[in-house]
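The data block below is protein24.txt; it holds compact mmCIF, C-alpha atoms.
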# COMPACT_ATOMS: atom_id res chain seq x y z
CA MET A 134 0.00 0.00 0.00
CA ASN A 135 1.59 3.24 -1.12
CA ALA A 136 0.07 6.70 -1.48
CA ASN A 137 2.69 7.44 -4.15
CA HIS A 138 1.97 4.37 -6.25
CA ASP A 139 2.89 5.43 -9.80
CA SER A 140 -0.05 3.86 -11.63
CA PRO A 141 -3.10 3.50 -9.41
CA PRO A 142 -5.72 1.14 -10.82
CA ASP A 143 -8.79 2.45 -12.56
CA GLY A 144 -11.74 2.34 -10.20
CA ILE A 145 -14.66 0.08 -11.07
CA PRO A 146 -17.80 2.22 -10.77
CA ALA A 147 -20.03 0.88 -8.01
CA ALA A 148 -22.90 1.99 -5.79
CA THR A 149 -24.30 0.87 -2.47
CA VAL A 150 -27.19 1.91 -0.25
CA VAL A 151 -27.87 2.05 3.48
CA ILE A 152 -31.56 1.26 3.88
CA PHE A 153 -33.10 2.49 7.13
CA ARG A 154 -36.24 1.26 8.87
CA ASN A 155 -37.82 2.30 12.13
CA ALA A 156 -37.10 0.08 15.14
CA ARG A 157 -40.18 -1.58 16.56
CA ASP A 158 -39.22 -0.59 20.11
CA GLY A 159 -38.70 3.07 19.21
CA GLY A 160 -34.93 2.75 19.60
CA PRO A 161 -32.24 3.65 17.06
CA PRO A 162 -33.11 2.94 13.44
CA GLU A 163 -32.18 -0.39 11.90
CA ILE A 164 -30.20 -0.78 8.69
CA LEU A 165 -30.06 -3.64 6.22
CA MET A 166 -26.83 -5.57 5.80
CA THR A 167 -25.86 -8.63 3.81
CA ILE A 168 -23.16 -11.26 4.20
CA ARG A 169 -21.31 -11.72 0.92
CA SER A 170 -20.59 -15.23 -0.29
CA ARG A 171 -17.10 -16.39 0.63
CA GLU A 172 -16.55 -17.25 -3.03
CA MET A 173 -16.78 -13.58 -4.08
CA VAL A 174 -13.44 -12.04 -5.09
CA PHE A 175 -14.20 -8.74 -3.37
CA ALA A 176 -15.17 -8.71 0.33
CA GLY A 177 -15.92 -12.43 0.38
CA GLY A 178 -17.55 -13.41 3.69
CA MET A 179 -17.84 -9.77 4.80
CA ALA A 180 -20.92 -7.92 6.06
CA VAL A 181 -21.71 -5.06 3.67
CA PHE A 182 -24.59 -2.91 2.49
CA PRO A 183 -26.59 -3.92 -0.60
CA GLY A 184 -25.10 -2.80 -3.90
CA GLY A 185 -22.66 -3.64 -6.64
CA ARG A 186 -20.97 -2.45 -9.78
CA VAL A 187 -22.64 -0.09 -12.25
CA ASP A 188 -23.51 -1.99 -15.42
CA PRO A 189 -23.51 -0.59 -18.98
CA ALA A 190 -27.33 -0.83 -18.98
CA ASP A 191 -27.40 1.39 -15.87
CA PHE A 192 -25.44 4.06 -17.76
CA GLU A 193 -27.83 3.75 -20.71
CA LEU A 194 -30.90 4.17 -18.50
CA GLY A 195 -29.24 6.98 -16.53
CA ALA A 196 -28.65 8.87 -19.79
CA MET A 197 -32.27 8.36 -20.83
CA ILE A 198 -34.14 9.52 -17.76
CA GLY A 199 -32.92 13.12 -17.76
CA GLY A 200 -33.93 15.32 -14.85
CA PRO A 201 -31.64 17.25 -12.50
CA LEU A 202 -28.98 14.53 -12.19
CA ASP A 203 -26.04 14.25 -14.53
CA PRO A 204 -26.09 10.91 -16.43
CA GLU A 205 -23.21 9.39 -14.47
CA GLU A 206 -24.81 10.14 -11.10
CA ALA A 207 -28.15 8.88 -12.39
CA ALA A 208 -26.47 5.65 -13.52
CA HIS A 209 -25.08 5.04 -10.04
CA GLN A 210 -28.49 5.61 -8.47
CA ILE A 211 -30.10 3.30 -11.03
CA ALA A 212 -27.51 0.66 -10.10
CA VAL A 213 -28.54 0.99 -6.44
CA VAL A 214 -32.20 0.48 -7.35
CA ARG A 215 -31.40 -2.54 -9.53
CA GLU A 216 -28.96 -4.18 -7.12
CA THR A 217 -31.30 -3.70 -4.15
CA LEU A 218 -34.19 -5.37 -5.97
CA GLU A 219 -31.93 -8.16 -7.19
CA GLU A 220 -30.15 -8.82 -3.88
CA THR A 221 -32.93 -8.24 -1.37
CA GLY A 222 -36.31 -8.10 -3.13
CA LEU A 223 -36.92 -4.55 -1.88
CA VAL A 224 -38.20 -1.86 -4.23
CA ILE A 225 -36.59 1.52 -3.56
CA GLY A 226 -36.18 4.51 -5.84
CA LEU A 227 -39.18 3.59 -7.99
CA ALA A 228 -42.75 4.86 -8.24
CA GLY A 229 -45.93 3.23 -9.51
CA ASP A 230 -48.37 0.52 -8.47
CA ILE A 231 -46.02 -1.37 -6.12
CA ASP A 232 -46.88 -3.97 -3.50
CA ALA A 233 -45.23 -7.09 -2.07
CA ASP A 234 -46.54 -9.41 -4.80
CA LYS A 235 -45.42 -7.08 -7.57
CA ALA A 236 -42.03 -6.66 -5.90
CA ARG A 237 -41.52 -10.44 -5.92
CA ALA A 238 -42.60 -10.64 -9.55
CA ALA A 239 -40.33 -7.74 -10.49
CA ARG A 240 -37.37 -9.42 -8.85
CA ARG A 241 -37.99 -12.60 -10.82
CA TYR A 242 -38.32 -10.58 -14.01
CA LEU A 243 -35.11 -8.70 -13.28
CA LEU A 244 -33.21 -11.92 -12.65
CA GLN A 245 -34.44 -13.19 -16.02
CA THR A 246 -33.63 -10.05 -18.00
CA GLY A 247 -30.82 -8.46 -15.99
CA ASP A 248 -32.17 -5.10 -17.11
CA LEU A 249 -34.02 -2.59 -14.92
CA ALA A 250 -35.39 -0.73 -17.96
CA SER A 251 -37.27 -3.89 -18.95
CA VAL A 252 -38.72 -4.13 -15.45
CA LEU A 253 -39.93 -0.54 -15.60
CA ASP A 254 -41.60 -1.11 -18.94
CA HIS A 255 -43.18 -4.40 -17.90
CA PHE A 256 -44.64 -3.12 -14.62
CA ASP A 257 -45.31 0.44 -15.77
CA TRP A 258 -43.04 1.87 -13.06
CA GLU A 259 -40.74 4.85 -13.28
CA PRO A 260 -37.63 5.99 -11.45
CA ASP A 261 -38.14 8.10 -8.33
CA LEU A 262 -34.52 8.76 -7.45
CA GLY A 263 -35.44 11.49 -4.99
CA GLN A 264 -35.85 8.61 -2.52
CA LEU A 265 -32.04 8.28 -2.50
CA THR A 266 -29.73 10.73 -0.72
CA PRO A 267 -26.00 10.80 -1.59
CA PHE A 268 -24.01 9.99 1.56
CA ALA A 269 -20.38 9.29 0.68
CA ARG A 270 -17.94 8.19 -1.99
CA TRP A 271 -15.00 5.87 -1.33
CA TYR A 272 -12.22 5.16 -3.80
CA PRO A 273 -9.25 3.30 -2.22
CA LYS A 274 -7.07 3.74 -5.30
CA ASN A 275 -3.84 3.60 -3.30
CA GLU A 276 -4.51 0.20 -1.78
CA ARG A 277 -3.21 -3.11 -3.06
CA ILE A 278 -6.45 -5.09 -3.07
CA PRO A 279 -7.79 -7.52 -5.72
CA ARG A 280 -10.36 -5.10 -7.14
CA VAL A 281 -10.56 -1.38 -6.59
CA TYR A 282 -14.08 0.03 -6.61
CA ASP A 283 -15.01 3.70 -6.83
CA THR A 284 -18.16 3.38 -4.74
CA ARG A 285 -20.90 5.93 -4.17
CA PHE A 286 -22.93 5.44 -0.99
CA TYR A 287 -26.58 6.45 -0.63
CA ILE A 288 -29.14 6.35 2.17
CA ALA A 289 -32.86 5.59 1.84
CA ASP A 290 -35.75 5.18 4.27
CA LEU A 291 -38.36 2.42 4.45
CA GLY A 292 -40.19 3.97 7.40
CA THR A 293 -42.05 1.19 9.19
CA GLY A 294 -40.09 -1.42 7.28
CA ALA A 295 -42.95 -3.90 7.06
CA VAL A 296 -41.31 -5.68 4.15
CA GLU A 297 -40.10 -9.10 3.08
CA ILE A 298 -36.47 -9.71 2.24
CA GLU A 299 -34.70 -12.77 0.90
CA ALA A 300 -31.03 -13.13 0.04
CA ASP A 301 -29.83 -13.62 -3.51
CA LEU A 302 -27.77 -16.72 -2.82
CA SER A 303 -25.53 -16.28 -5.87
CA GLU A 304 -23.70 -13.36 -4.23
CA ASN A 305 -24.99 -13.21 -0.67
CA THR A 306 -25.67 -15.81 1.99
CA HIS A 307 -27.62 -13.86 4.58
CA LEU A 308 -29.59 -10.63 5.00
CA PHE A 309 -30.21 -9.09 8.39
CA TRP A 310 -31.50 -5.92 10.04
CA THR A 311 -29.39 -4.39 12.80
CA THR A 312 -28.63 -1.03 14.32
CA ALA A 313 -25.34 0.49 13.24
CA GLN A 314 -24.02 0.11 16.80
CA GLY A 315 -25.30 -3.46 16.86
CA ALA A 316 -23.25 -4.24 13.75
CA LEU A 317 -20.15 -2.68 15.31
CA ASP A 318 -20.70 -4.70 18.48
CA ALA A 319 -21.13 -7.90 16.45
CA ALA A 320 -17.87 -7.14 14.63
CA GLU A 321 -16.07 -6.65 17.95
CA ARG A 322 -17.38 -10.04 19.12
CA GLY A 323 -16.16 -11.65 15.90
CA GLU A 324 -19.67 -12.57 14.77
CA ILE A 325 -19.35 -10.60 11.52
CA LYS A 326 -16.42 -9.16 9.60
CA VAL A 327 -16.38 -5.67 8.10
CA ILE A 328 -13.87 -3.97 5.82
CA PHE A 329 -12.43 -0.53 6.59
CA PRO A 330 -15.01 1.60 4.68
CA THR A 331 -17.94 -0.36 6.15
CA ARG A 332 -16.65 0.07 9.69
CA ARG A 333 -16.13 3.81 9.23
CA ASN A 334 -19.62 4.20 7.77
CA LEU A 335 -21.19 2.17 10.58
CA GLU A 336 -19.50 4.47 13.10
CA ARG A 337 -20.92 7.47 11.26
CA LEU A 338 -24.39 5.91 11.01
CA ALA A 339 -24.37 5.16 14.74
CA LEU A 340 -24.45 8.93 15.37
CA PHE A 341 -28.02 9.27 14.09
CA GLU A 342 -31.16 8.77 16.15
CA ASN A 343 -33.33 8.53 13.03
CA PHE A 344 -33.21 8.75 9.25
CA ALA A 345 -34.03 12.46 9.29
CA ALA A 346 -30.83 13.16 11.25
CA ALA A 347 -28.77 11.11 8.81
CA LYS A 348 -30.30 12.90 5.85
CA GLU A 349 -29.73 16.30 7.43
CA GLN A 350 -26.02 15.61 7.83
CA ALA A 351 -25.76 14.09 4.35
CA ASP A 352 -27.42 17.14 2.81
CA ARG A 353 -25.17 19.48 4.81
CA ILE A 354 -21.80 17.84 4.15
CA PRO A 355 -20.87 17.78 0.45
CA VAL A 356 -19.87 14.36 -0.86
CA ARG A 357 -16.14 14.30 -1.57
CA THR A 358 -14.18 11.29 -2.74
CA ILE A 359 -12.52 9.56 0.21
CA THR A 360 -9.18 7.91 -0.53
CA PRO A 361 -7.69 6.36 2.61
CA PHE A 362 -4.01 7.10 3.17
CA MET A 363 -1.17 5.85 5.34
CA ARG A 364 0.18 7.78 8.32
CA ASP A 365 2.70 6.96 11.00
CA ARG A 366 1.43 7.32 14.58
CA HIS A 367 4.03 6.81 17.28
CA GLY A 368 5.99 4.42 15.11
CA LYS A 369 2.93 2.43 14.02
CA SER A 370 1.27 2.48 10.58
CA TRP A 371 -2.34 3.66 10.47
CA LEU A 372 -4.88 3.78 7.65
CA GLU A 373 -6.74 7.09 7.81
CA ILE A 374 -9.25 9.39 6.13
CA GLY A 375 -9.82 13.16 6.36
CA GLU A 376 -11.04 14.81 9.54
CA ASP A 377 -13.81 16.93 8.00
CA LEU A 378 -15.97 14.34 6.24
CA GLY A 379 -18.55 13.66 8.95
CA TYR A 380 -16.89 10.53 10.38
CA PRO A 381 -16.32 10.28 14.14
CA VAL A 382 -13.45 7.79 13.74
CA THR A 383 -10.94 8.61 11.03
CA GLY A 384 -8.24 5.98 11.40
CA GLU A 385 -7.34 2.45 12.41
CA PRO A 386 -4.02 0.65 12.98
CA LEU A 387 -3.05 -1.03 9.74
CA ASP A 388 -2.55 -4.40 11.38
CA LYS A 389 -6.23 -4.40 12.42
CA VAL A 390 -7.67 -3.30 9.08
CA ALA A 391 -9.81 -5.83 7.19
CA ARG A 392 -9.69 -5.43 3.42
CA GLY A 393 -11.61 -6.76 0.46
What is this file in structure tokens?
Amino acid sequence: MNANHDSPPDGIPAATVVIFRNARDGGPPEILMTIRSREMVFAGGMAVFPGGRVDPADFELGAMIGGPLDPEEAAHQIAVVRETLEETGLVIGLAGDIDADKARAARRYLLQTGDLASVLDHFDWEPDLGQLTPFARWYPKNERIPRVYDTRFYIADLGTGAVEIEADLSENTHLFWTTAQGALDAAERGEIKVIFPTRRNLERLALFENFAAAKEQADRIPVRTITPFMRDRHGKSWLEIGEDLGYPVTGEPLDKVARG
């Protein structure tokens, strides 16, 4: 790992989403996480948020829908909508006649076609990307890891969260709802494993008592690309990020960092 690496890899465009729901007991909001299959090259066996790489069809649809977003940003948000439906069965970022039965049917149709535009046409739905709020962007281009993703993070709210979810077993083995602090506690107990960006985002998410608070901070702090860097602290190597990005913890000893 070297911040002065002469030829950093091109980042693979990717997008992920933190989906909030209200806790039944009125406590901190819950978020949806998934355990990636151990066979996956990137973050195999790790607990992550739903999402994945941006496909060419996502760029095509992003360029078609117009609106206030530039096509590249729209493509990333389309990827979040598609990946969430594919991986979890949840419909976010779409508008139309949507219920649980139609969501299940749309997921099956998406898995057959691999194309969100076909789903929209078939079910007479349309994008409603205002449901997504940009939250962060991570691009670890200086790190020596198998695949380097330039990942945009979003947040979205399900409210009561009375929904059905089911893991896509080709990429994920388990879906679960947890509070952000609950995920951090599970990681400390060794029950789940999280990579550096996921841990930092969980620490940030644990600050918020509800989705509104998370959205307020996300709207207030402009999204800037985060590229972790190395720093020496008292003779020990640390992996760190900037101090002014909204994260309460900005570094971790390198020998404790989990990578993809």
Distance query Glu349 of chain A at most 12 Å, all atoms listed in the file, self and fewer than 6 positions along chain excluded, as a PyMOL selection string: chain A and resi 266-268+288+341-343+355+379
Take every atom of segment 145-164 of chain A listed in the file, fit an axis-aligned box around them, add 4 Å per side, and give the centre and edge lengths in Å to one decimal as JSON.
{"center_x": -27.4, "center_y": 1.0, "center_z": 4.5, "size_x": 33.5, "size_y": 13.2, "size_z": 39.2}
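Among the candidates A:Gly200, A:Gly292, A:Gly226, A:Pro189, the residue lying nearest to Ala156 of chain A is A:Gly292 (atoms considered: all atoms listed in the file).
Take atom CA of Lys389 of chain A and atom CA of Glu376 of chain A: the distance between them is 20.0 Å.
Closest approach to Gly199 of chain A among A:Asp290, A:Asp254, A:Asp232, A:Asp261 is made by A:Asp261 (distances from all atoms listed in the file).
With distances restricted to all atoms listed in the file, A:Val214 is the closest residue to Val150 of chain A from A:Ala207, A:Val214, A:Ala238, A:Met179.
Residue nearest Arg353 of chain A within the list A:Leu372, A:Leu378, A:Pro330, A:Gly229: A:Leu378 [criterion: smallest interatomic distance, only C-alpha atoms].
Taking atom CA of Arg240 of chain A and atom CA of Leu338 of chain A as endpoints, the distance between them is 28.2 Å.
Proximity ranking of A:Ala269, A:Leu243, A:Leu387, A:Ala180 relative to Thr331 of chain A places A:Ala180 first, based on only C-alpha atoms.
Shortest atom-to-atom contact with Phe329 of chain A among A:Gln210, A:Thr221, A:Thr167, A:Thr383: A:Thr383, counting all atoms listed in the file.
Using only C-alpha atoms, the contacts of Arg237 of chain A at a cut-off of 9 Å, with sequence neighbours closer than 6 positions omitted, comprise Leu218, Gly222 and Leu223 of chain A.
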Here atom CA of Gly247 of chain A and atom CA of Lys235 of chain A stand apart by 16.9 Å
